[in-house]
>>> print(open('data_32.csv').read())   # CSV, C-alpha atoms and all ligand atoms
chain,number,residue,atom,x,y,z
A,6,MET,CA,34.7,158.2,74.6
A,7,ASP,CA,35.5,161.9,75.2
A,8,GLU,CA,34.3,164.3,77.8
A,9,LYS,CA,31.5,165.7,75.6
A,10,ASP,CA,30.1,162.2,75.0
A,11,LEU,CA,29.8,160.6,78.4
A,12,GLY,CA,27.2,158.1,77.4
A,13,ALA,CA,24.7,156.8,79.8
A,14,ASP,CA,27.1,155.1,82.1
A,15,LEU,CA,28.9,158.2,83.5
A,16,ALA,CA,27.4,160.9,85.6
A,17,LYS,CA,30.0,163.6,85.3
A,18,VAL,CA,33.6,164.5,84.6
A,19,LEU,CA,35.3,165.1,87.9
A,20,ILE,CA,38.9,165.8,86.6
A,21,PRO,CA,39.2,166.8,82.9
A,22,GLU,CA,42.1,165.6,80.9
A,23,ASP,CA,43.9,169.0,80.8
A,24,ARG,CA,43.8,169.3,84.6
A,25,LEU,CA,45.1,165.7,85.0
A,26,GLN,CA,48.0,166.4,82.6
A,27,ALA,CA,48.9,169.7,84.3
A,28,LYS,CA,48.9,168.0,87.7
A,29,VAL,CA,51.1,165.2,86.5
A,30,ARG,CA,53.6,167.8,85.2
A,31,GLU,CA,53.5,169.5,88.6
A,32,LEU,CA,54.1,166.2,90.5
A,33,ALA,CA,57.0,165.4,88.1
A,34,ALA,CA,58.6,168.7,88.8
A,35,GLN,CA,58.4,168.2,92.6
A,36,ILE,CA,59.8,164.6,92.2
A,37,ASP,CA,62.6,165.9,90.0
A,38,ASP,CA,63.6,168.5,92.6
A,39,ASP,CA,63.6,165.9,95.4
A,40,TYR,CA,65.4,163.1,93.6
A,41,ALA,CA,68.0,164.9,91.7
A,42,GLY,CA,71.2,162.9,91.6
A,43,ARG,CA,69.5,159.8,93.2
A,44,ASP,CA,68.8,156.5,91.6
A,45,LEU,CA,65.0,156.4,91.5
A,46,LEU,CA,62.9,153.3,91.2
A,47,LEU,CA,59.2,153.9,90.4
A,48,VAL,CA,57.0,151.1,91.6
A,49,GLY,CA,53.5,151.1,89.9
A,50,VAL,CA,50.6,149.2,91.5
A,51,LEU,CA,48.7,147.3,88.8
A,52,LYS,CA,46.4,147.9,87.2
A,53,GLY,CA,45.0,151.2,88.1
A,54,ALA,CA,48.4,153.1,88.2
A,55,VAL,CA,49.3,152.3,84.6
A,56,MET,CA,48.2,155.7,83.2
A,57,ILE,CA,49.7,157.9,86.0
A,58,MET,CA,52.9,155.8,85.9
A,59,ALA,CA,53.3,156.2,82.1
A,60,ASP,CA,52.5,159.9,82.0
A,61,LEU,CA,54.6,160.7,85.2
A,62,ALA,CA,57.6,158.7,84.0
A,63,ARG,CA,57.6,160.6,80.7
A,64,GLU,CA,57.5,164.0,82.5
A,65,LEU,CA,60.4,163.2,84.7
A,66,HIS,CA,63.9,164.4,83.9
A,67,THR,CA,65.4,162.3,86.6
A,68,PRO,CA,66.5,158.9,85.3
A,69,ALA,CA,64.2,156.3,86.7
A,70,SER,CA,63.7,152.6,86.6
A,71,MET,CA,60.2,151.1,86.6
A,72,ASP,CA,58.9,148.0,88.2
A,73,TRP,CA,55.4,146.8,89.0
A,74,MET,CA,53.4,145.0,91.7
A,75,ALA,CA,49.9,143.5,91.5
A,76,VAL,CA,48.1,143.0,94.8
A,77,SER,CA,44.7,141.9,95.6
A,78,SER,CA,42.6,141.9,98.8
A,79,TYR,CA,40.9,138.8,99.9
A,80,GLY,CA,39.0,137.5,102.9
A,81,SER,CA,35.8,139.4,103.1
A,82,GLY,CA,35.6,139.6,99.3
A,83,THR,CA,35.8,143.4,99.3
A,84,LYS,CA,39.0,145.2,98.1
A,85,SER,CA,39.1,147.2,101.3
A,86,SER,CA,39.4,144.3,103.7
A,87,GLY,CA,43.0,145.3,104.3
A,88,VAL,CA,44.2,141.7,103.9
A,89,VAL,CA,46.3,141.7,100.8
A,90,ARG,CA,48.0,139.1,98.8
A,91,ILE,CA,50.7,139.6,96.1
A,92,LEU,CA,49.6,138.5,92.6
A,93,LYS,CA,52.8,139.8,91.0
A,94,ASP,CA,55.9,140.7,93.0
A,95,LEU,CA,58.6,143.1,92.0
A,96,ASP,CA,61.3,141.8,89.7
A,97,THR,CA,63.8,144.2,91.5
A,98,ASP,CA,65.6,143.8,94.8
A,99,ILE,CA,64.9,147.2,96.4
A,100,LEU,CA,67.5,146.9,99.2
A,101,ASP,CA,69.2,150.4,99.4
A,102,ARG,CA,67.1,151.7,96.5
A,103,HIS,CA,65.2,155.0,96.5
A,104,VAL,CA,61.6,153.7,95.9
A,105,LEU,CA,58.6,155.8,94.9
A,106,ILE,CA,55.3,153.9,94.9
A,107,VAL,CA,53.0,155.2,92.2
A,108,GLU,CA,49.3,154.7,92.8
A,109,ASP,CA,46.1,155.9,91.2
A,110,ILE,CA,43.9,156.3,94.3
A,111,ILE,CA,44.0,156.2,98.1
A,112,ASP,CA,40.5,155.2,99.2
A,113,SER,CA,40.4,153.4,102.5
A,114,GLY,CA,44.2,153.5,102.5
A,115,LEU,CA,44.4,149.8,103.4
A,116,THR,CA,46.2,148.7,100.3
A,117,LEU,CA,48.9,151.3,100.6
A,118,SER,CA,49.3,150.7,104.3
A,119,TRP,CA,49.9,147.0,103.7
A,120,LEU,CA,52.2,147.8,100.8
A,121,MET,CA,54.3,150.3,102.7
A,122,SER,CA,55.0,147.8,105.5
A,123,ASN,CA,55.7,145.0,103.0
A,124,LEU,CA,58.2,147.1,101.0
A,125,ARG,CA,59.7,148.8,104.1
A,126,SER,CA,60.7,145.3,105.4
A,127,ARG,CA,62.8,144.9,102.2
A,128,ARG,CA,65.0,147.8,103.5
A,129,PRO,CA,65.0,150.4,100.7
A,130,ALA,CA,67.1,153.5,101.2
A,131,SER,CA,63.9,155.5,101.0
A,132,LEU,CA,60.2,154.8,100.4
A,133,GLU,CA,57.6,157.4,99.4
A,134,ILE,CA,54.2,157.5,97.8
A,135,CYS,CA,52.9,159.4,94.8
A,136,ALA,CA,49.1,159.1,94.5
A,137,LEU,CA,47.0,160.8,91.9
A,138,MET,CA,43.8,160.9,94.0
A,139,ARG,CA,42.8,160.5,97.7
A,140,LYS,CA,39.4,160.4,99.3
A,141,PRO,CA,39.8,162.1,102.7
A,142,GLU,CA,36.3,161.0,103.8
A,143,ALA,CA,37.0,157.4,103.1
A,144,VAL,CA,40.5,157.0,104.5
A,145,ARG,CA,40.6,154.5,107.4
A,146,THR,CA,44.3,154.5,108.1
A,147,GLU,CA,46.7,157.4,108.0
A,148,ILE,CA,48.9,157.3,104.9
A,149,ASP,CA,51.9,159.6,104.5
A,150,CYS,CA,51.6,160.5,100.9
A,151,ARG,CA,54.4,162.8,99.8
A,152,TYR,CA,53.1,163.6,96.3
A,153,LEU,CA,49.4,164.0,96.0
A,154,GLY,CA,47.4,165.0,92.9
A,155,PHE,CA,43.8,165.7,94.1
A,156,ASP,CA,41.7,165.2,97.1
A,157,ILE,CA,38.3,164.1,95.8
A,158,PRO,CA,34.8,163.5,97.2
A,159,ASN,CA,33.9,160.0,98.5
A,160,GLU,CA,32.4,158.8,95.2
A,161,PHE,CA,33.3,155.9,93.0
A,162,VAL,CA,35.4,157.2,90.1
A,163,VAL,CA,36.5,155.7,86.9
A,164,GLY,CA,38.9,156.6,84.0
A,165,TYR,CA,42.6,157.3,83.7
A,166,GLY,CA,43.4,153.7,84.9
A,167,LEU,CA,40.5,153.2,87.2
A,168,ASP,CA,37.9,150.7,86.2
A,169,TYR,CA,34.4,149.4,87.0
A,170,ALA,CA,34.3,145.7,86.1
A,171,GLU,CA,37.4,146.3,84.0
A,172,ARG,CA,35.8,149.0,81.9
A,173,TYR,CA,36.6,152.7,81.5
A,174,ARG,CA,40.3,152.4,82.3
A,175,ASN,CA,41.2,154.0,79.0
A,176,LEU,CA,39.2,157.2,79.5
A,177,PRO,CA,41.7,160.1,79.4
A,178,PHE,CA,39.7,161.9,82.2
A,179,VAL,CA,38.3,160.9,85.6
A,180,GLY,CA,34.6,160.7,86.0
A,181,THR,CA,31.9,159.4,88.3
A,182,LEU,CA,29.7,156.6,87.4
A,183,ALA,CA,26.0,157.0,87.1
A,184,PRO,CA,24.2,155.4,90.1
A,185,HIS,CA,22.3,152.9,87.9
A,186,VAL,CA,25.7,151.4,86.8
A,187,TYR,CA,27.5,151.5,90.1
A,188,GLY,CA,24.8,150.3,92.4
A,189,GLY,CA,26.4,149.1,95.6
A,190,ALA,CA,29.6,147.7,94.0
A,191,SER,CA,32.8,147.9,96.0
A,192,ASP,CA,35.2,147.8,93.0
B,201,LIG,O1,42.8,152.5,99.5
B,201,LIG,P1,42.1,151.3,99.2
B,201,LIG,O2,40.7,151.2,99.7
B,201,LIG,O3,42.9,150.1,99.6
B,201,LIG,O4,41.9,151.2,97.6
B,201,LIG,C1,42.9,151.6,96.7
B,201,LIG,C2,43.2,150.5,95.8
B,201,LIG,O5,42.1,150.1,95.0
B,201,LIG,C3,42.4,150.2,93.6
B,201,LIG,O6,42.9,149.0,93.2
B,201,LIG,P2,42.0,147.7,92.8
B,201,LIG,O7,42.0,146.7,94.0
B,201,LIG,O8,40.6,148.2,92.4
B,201,LIG,O9,42.7,147.0,91.6
B,201,LIG,P3,43.0,147.6,90.2
B,201,LIG,O10,44.0,148.7,90.3
B,201,LIG,O11,43.6,146.4,89.5
B,201,LIG,O12,41.8,148.0,89.5
B,201,LIG,C4,43.5,151.2,93.5
B,201,LIG,O13,44.3,151.0,92.4
B,201,LIG,C5,44.3,151.0,94.8
B,201,LIG,O14,45.3,150.0,94.7
B,202,LIG,N1,37.5,152.4,89.9
B,202,LIG,C1,37.7,152.6,91.2
B,202,LIG,N2,38.5,151.8,92.0
B,202,LIG,C2,38.7,152.1,93.3
B,202,LIG,N3,39.4,151.5,94.2
B,202,LIG,C3,39.3,152.2,95.3
B,202,LIG,N4,38.5,153.3,95.1
B,202,LIG,C4,38.1,153.3,93.9
B,202,LIG,C5,37.3,154.1,93.1
B,202,LIG,O1,36.7,155.2,93.5
B,202,LIG,N5,37.1,153.7,91.8
>>> encode(input="data_32.csv", output="C-alpha cells")
Amino acid sequence: MDEKDLGADLAKVLIPEDRLQAKVRELAAQIDDDYAGRDLLLVGVLKGAVMIMADLARELHTPASMDWMAVSSYGSGTKSSGVVRILKDLDTDILDRHVLIVEDIIDSGLTLSWLMSNLRSRRPASLEICALMRKPEAVRTEIDCRYLGFDIPNEFVVGYGLDYAERYRNLPFVGTLAPHVYGGASD
C-alpha cells in the first residue's frame, strides 16, 4: 500500500516516507557524533522497532552491534499497565557496554520506564534511548529520551513497524487508523 492508496482502513498519512527517512539520517548523524570511538550496542524492542532499527543501523558510520528484546505487558490486559514481562531477553551481557535502546514509540512511557530500570540494573557503561515518536499528551512517566524523531498527537498510529492486530507494520510511512477500524482498542 502506498501513500496515495490508503484504502479504507487508514485515515491519513501522519509522517510520509521521505520525512521518516530524513529524520533517521538526522538521528544517525547525532548518534555518530556522540558515540565516535565507543563500542555501541543497539538494543531494539520487538516488534515495533524493527524498521527504525534496520534503517538507523544502516545510516550509522559508528560500528555497532545489535541485540533484541521482546517485552509484553500483562495484568490489566492493556499494554500500558506498566507491568512488563520479558518474552525474549538479550543474548548479550551489557555490563560495561554503551547501550542505546531503539524504540518506535513512547506512548504512556511505561514500557521504556520499566526497560530502563531493568537494563540499568545490569550496569552498562551508558544507557540512552532513541525513539522515533513520542506522544507528549499520553506520557504518564517522564522518560529521558536522548534521540527523538517526532512528537506526535495523541492518536493511534500504524506503519513503519507499528501494527494494529499485527497488520500495517510493513507500511513505509506512518498513518492514523480510521475510527471504524480502531474503535476503542488499546493496541
Ligand atoms: O509507552 P507505552 O504506552 O508503554 O507504549 C509503547 C510500547 O508499545 C508498543 O509496543 P507493543 O506492546 O504494541 O508491542 P509491539 O512492538 O510488538 O507491537 C511500542 O513498540 C512500545 O514498546
Ligand atoms: N500501533 C501502535 N502501537 C502503539 N503502542 C503504543 N502506542 C501505539 C500506537 O499509537 N500505535
>>> residues_near_ligand(input="data_32.csv", ligand="ligand LIG 201 (chain B)", cutoff="6 Å", atoms="only C-alpha atoms and all ligand atoms", output="PyMOL selection string")
chain A and resi 51-53+77+84-85+109-116+167-168+192
>>> closest_atom_pairs(input="data_32.csv", of="range 145-182 of chain A", to="range 20-41 of chain A", cutoff="6 Å", atoms="only C-alpha atoms", output="tab-separated table")
residue	atom	partner	partner_atom	distance
A:Pro177	CA	A:Glu22	CA	5.7
A:Phe178	CA	A:Glu22	CA	4.6
A:Val179	CA	A:Ile20	CA	5.0
>>> residues_around(input="data_32.csv", residues="range 125-131 of chain A", least_positions_apart="4", cutoff="7 Å", atoms="only C-alpha atoms", output="list in words")
Ile99, Leu100, Asp101, Arg102, His103, Val104 and Met121 of chain A
>>> write_last_selection(input="data_32.csv", atoms="C-alpha atoms", output="mmCIF file, in the frame of the given file")
data_model
loop_
_atom_site.group_PDB
_atom_site.id
_atom_site.type_symbol
_atom_site.label_atom_id
_atom_site.label_comp_id
_atom_site.auth_asym_id
_atom_site.auth_seq_id
_atom_site.Cartn_x
_atom_site.Cartn_y
_atom_site.Cartn_z
ATOM 1 C CA ILE A 99 64.900 147.200 96.400
ATOM 2 C CA LEU A 100 67.500 146.900 99.200
ATOM 3 C CA ASP A 101 69.200 150.400 99.400
ATOM 4 C CA ARG A 102 67.100 151.700 96.500
ATOM 5 C CA HIS A 103 65.200 155.000 96.500
ATOM 6 C CA VAL A 104 61.600 153.700 95.900
ATOM 7 C CA MET A 121 54.300 150.300 102.700
#
>>> atom_distance(input="data_32.csv", atom1="CA of Arg145 in chain A", atom2="CA of Leu124 in chain A")
20.1 Å
>>> residues_around(input="data_32.csv", residues="Met138 in chain A", least_positions_apart="3", cutoff="6 Å", atoms="all atoms listed in the file", output="number ranges by chain")
A: 110, 154-156
>>> closest_residue(input="data_32.csv", among="A:Asp94, A:Glu142, A:Glu64, A:Glu147", to="ligand LIG 202 (chain B)", atoms="all atoms listed in the file")
A:Glu142
>>> atom_distance(input="data_32.csv", atom1="CA of Val18 in chain A", atom2="CA of Leu137 in chain A")
15.7 Å
>>> atom_distance(input="data_32.csv", atom1="CA of Arg172 in chain A", atom2="atom N1 of ligand LIG 202 (chain B)")
8.9 Å
>>> closest_residue(input="data_32.csv", among="A:Asp149, A:Asp60, A:Glu108, A:Glu133", to="ligand LIG 202 (chain B)", atoms="only C-alpha atoms and all ligand atoms")
A:Glu108
>>> closest_residue(input="data_32.csv", among="A:Leu176, A:Ala75, A:Leu132, A:Ala170", to="ligand LIG 202 (chain B)", atoms="all atoms listed in the file")
A:Ala170
>>> residues_around(input="data_32.csv", residues="range 182-184 of chain A", least_positions_apart="6", cutoff="12 Å", atoms="all atoms listed in the file", output="MDAnalysis selection string")
chainID A and resid 11:19 160:164 167:170 172:173 190 192
>>> closest_residue(input="data_32.csv", among="A:Asn123, A:Thr181, A:Ser70, A:Ser118", to="ligand LIG 202 (chain B)", atoms="all atoms listed in the file")
A:Thr181
>>> closest_residue(input="data_32.csv", among="A:Asn175, A:Ser122, A:Asn159, A:Thr97", to="ligand LIG 202 (chain B)", atoms="only C-alpha atoms and all ligand atoms")
A:Asn159
>>> closest_residue(input="data_32.csv", among="A:Leu45, A:Met58, A:Cys150, A:Val144", to="ligand LIG 202 (chain B)", atoms="only C-alpha atoms and all ligand atoms")
A:Val144
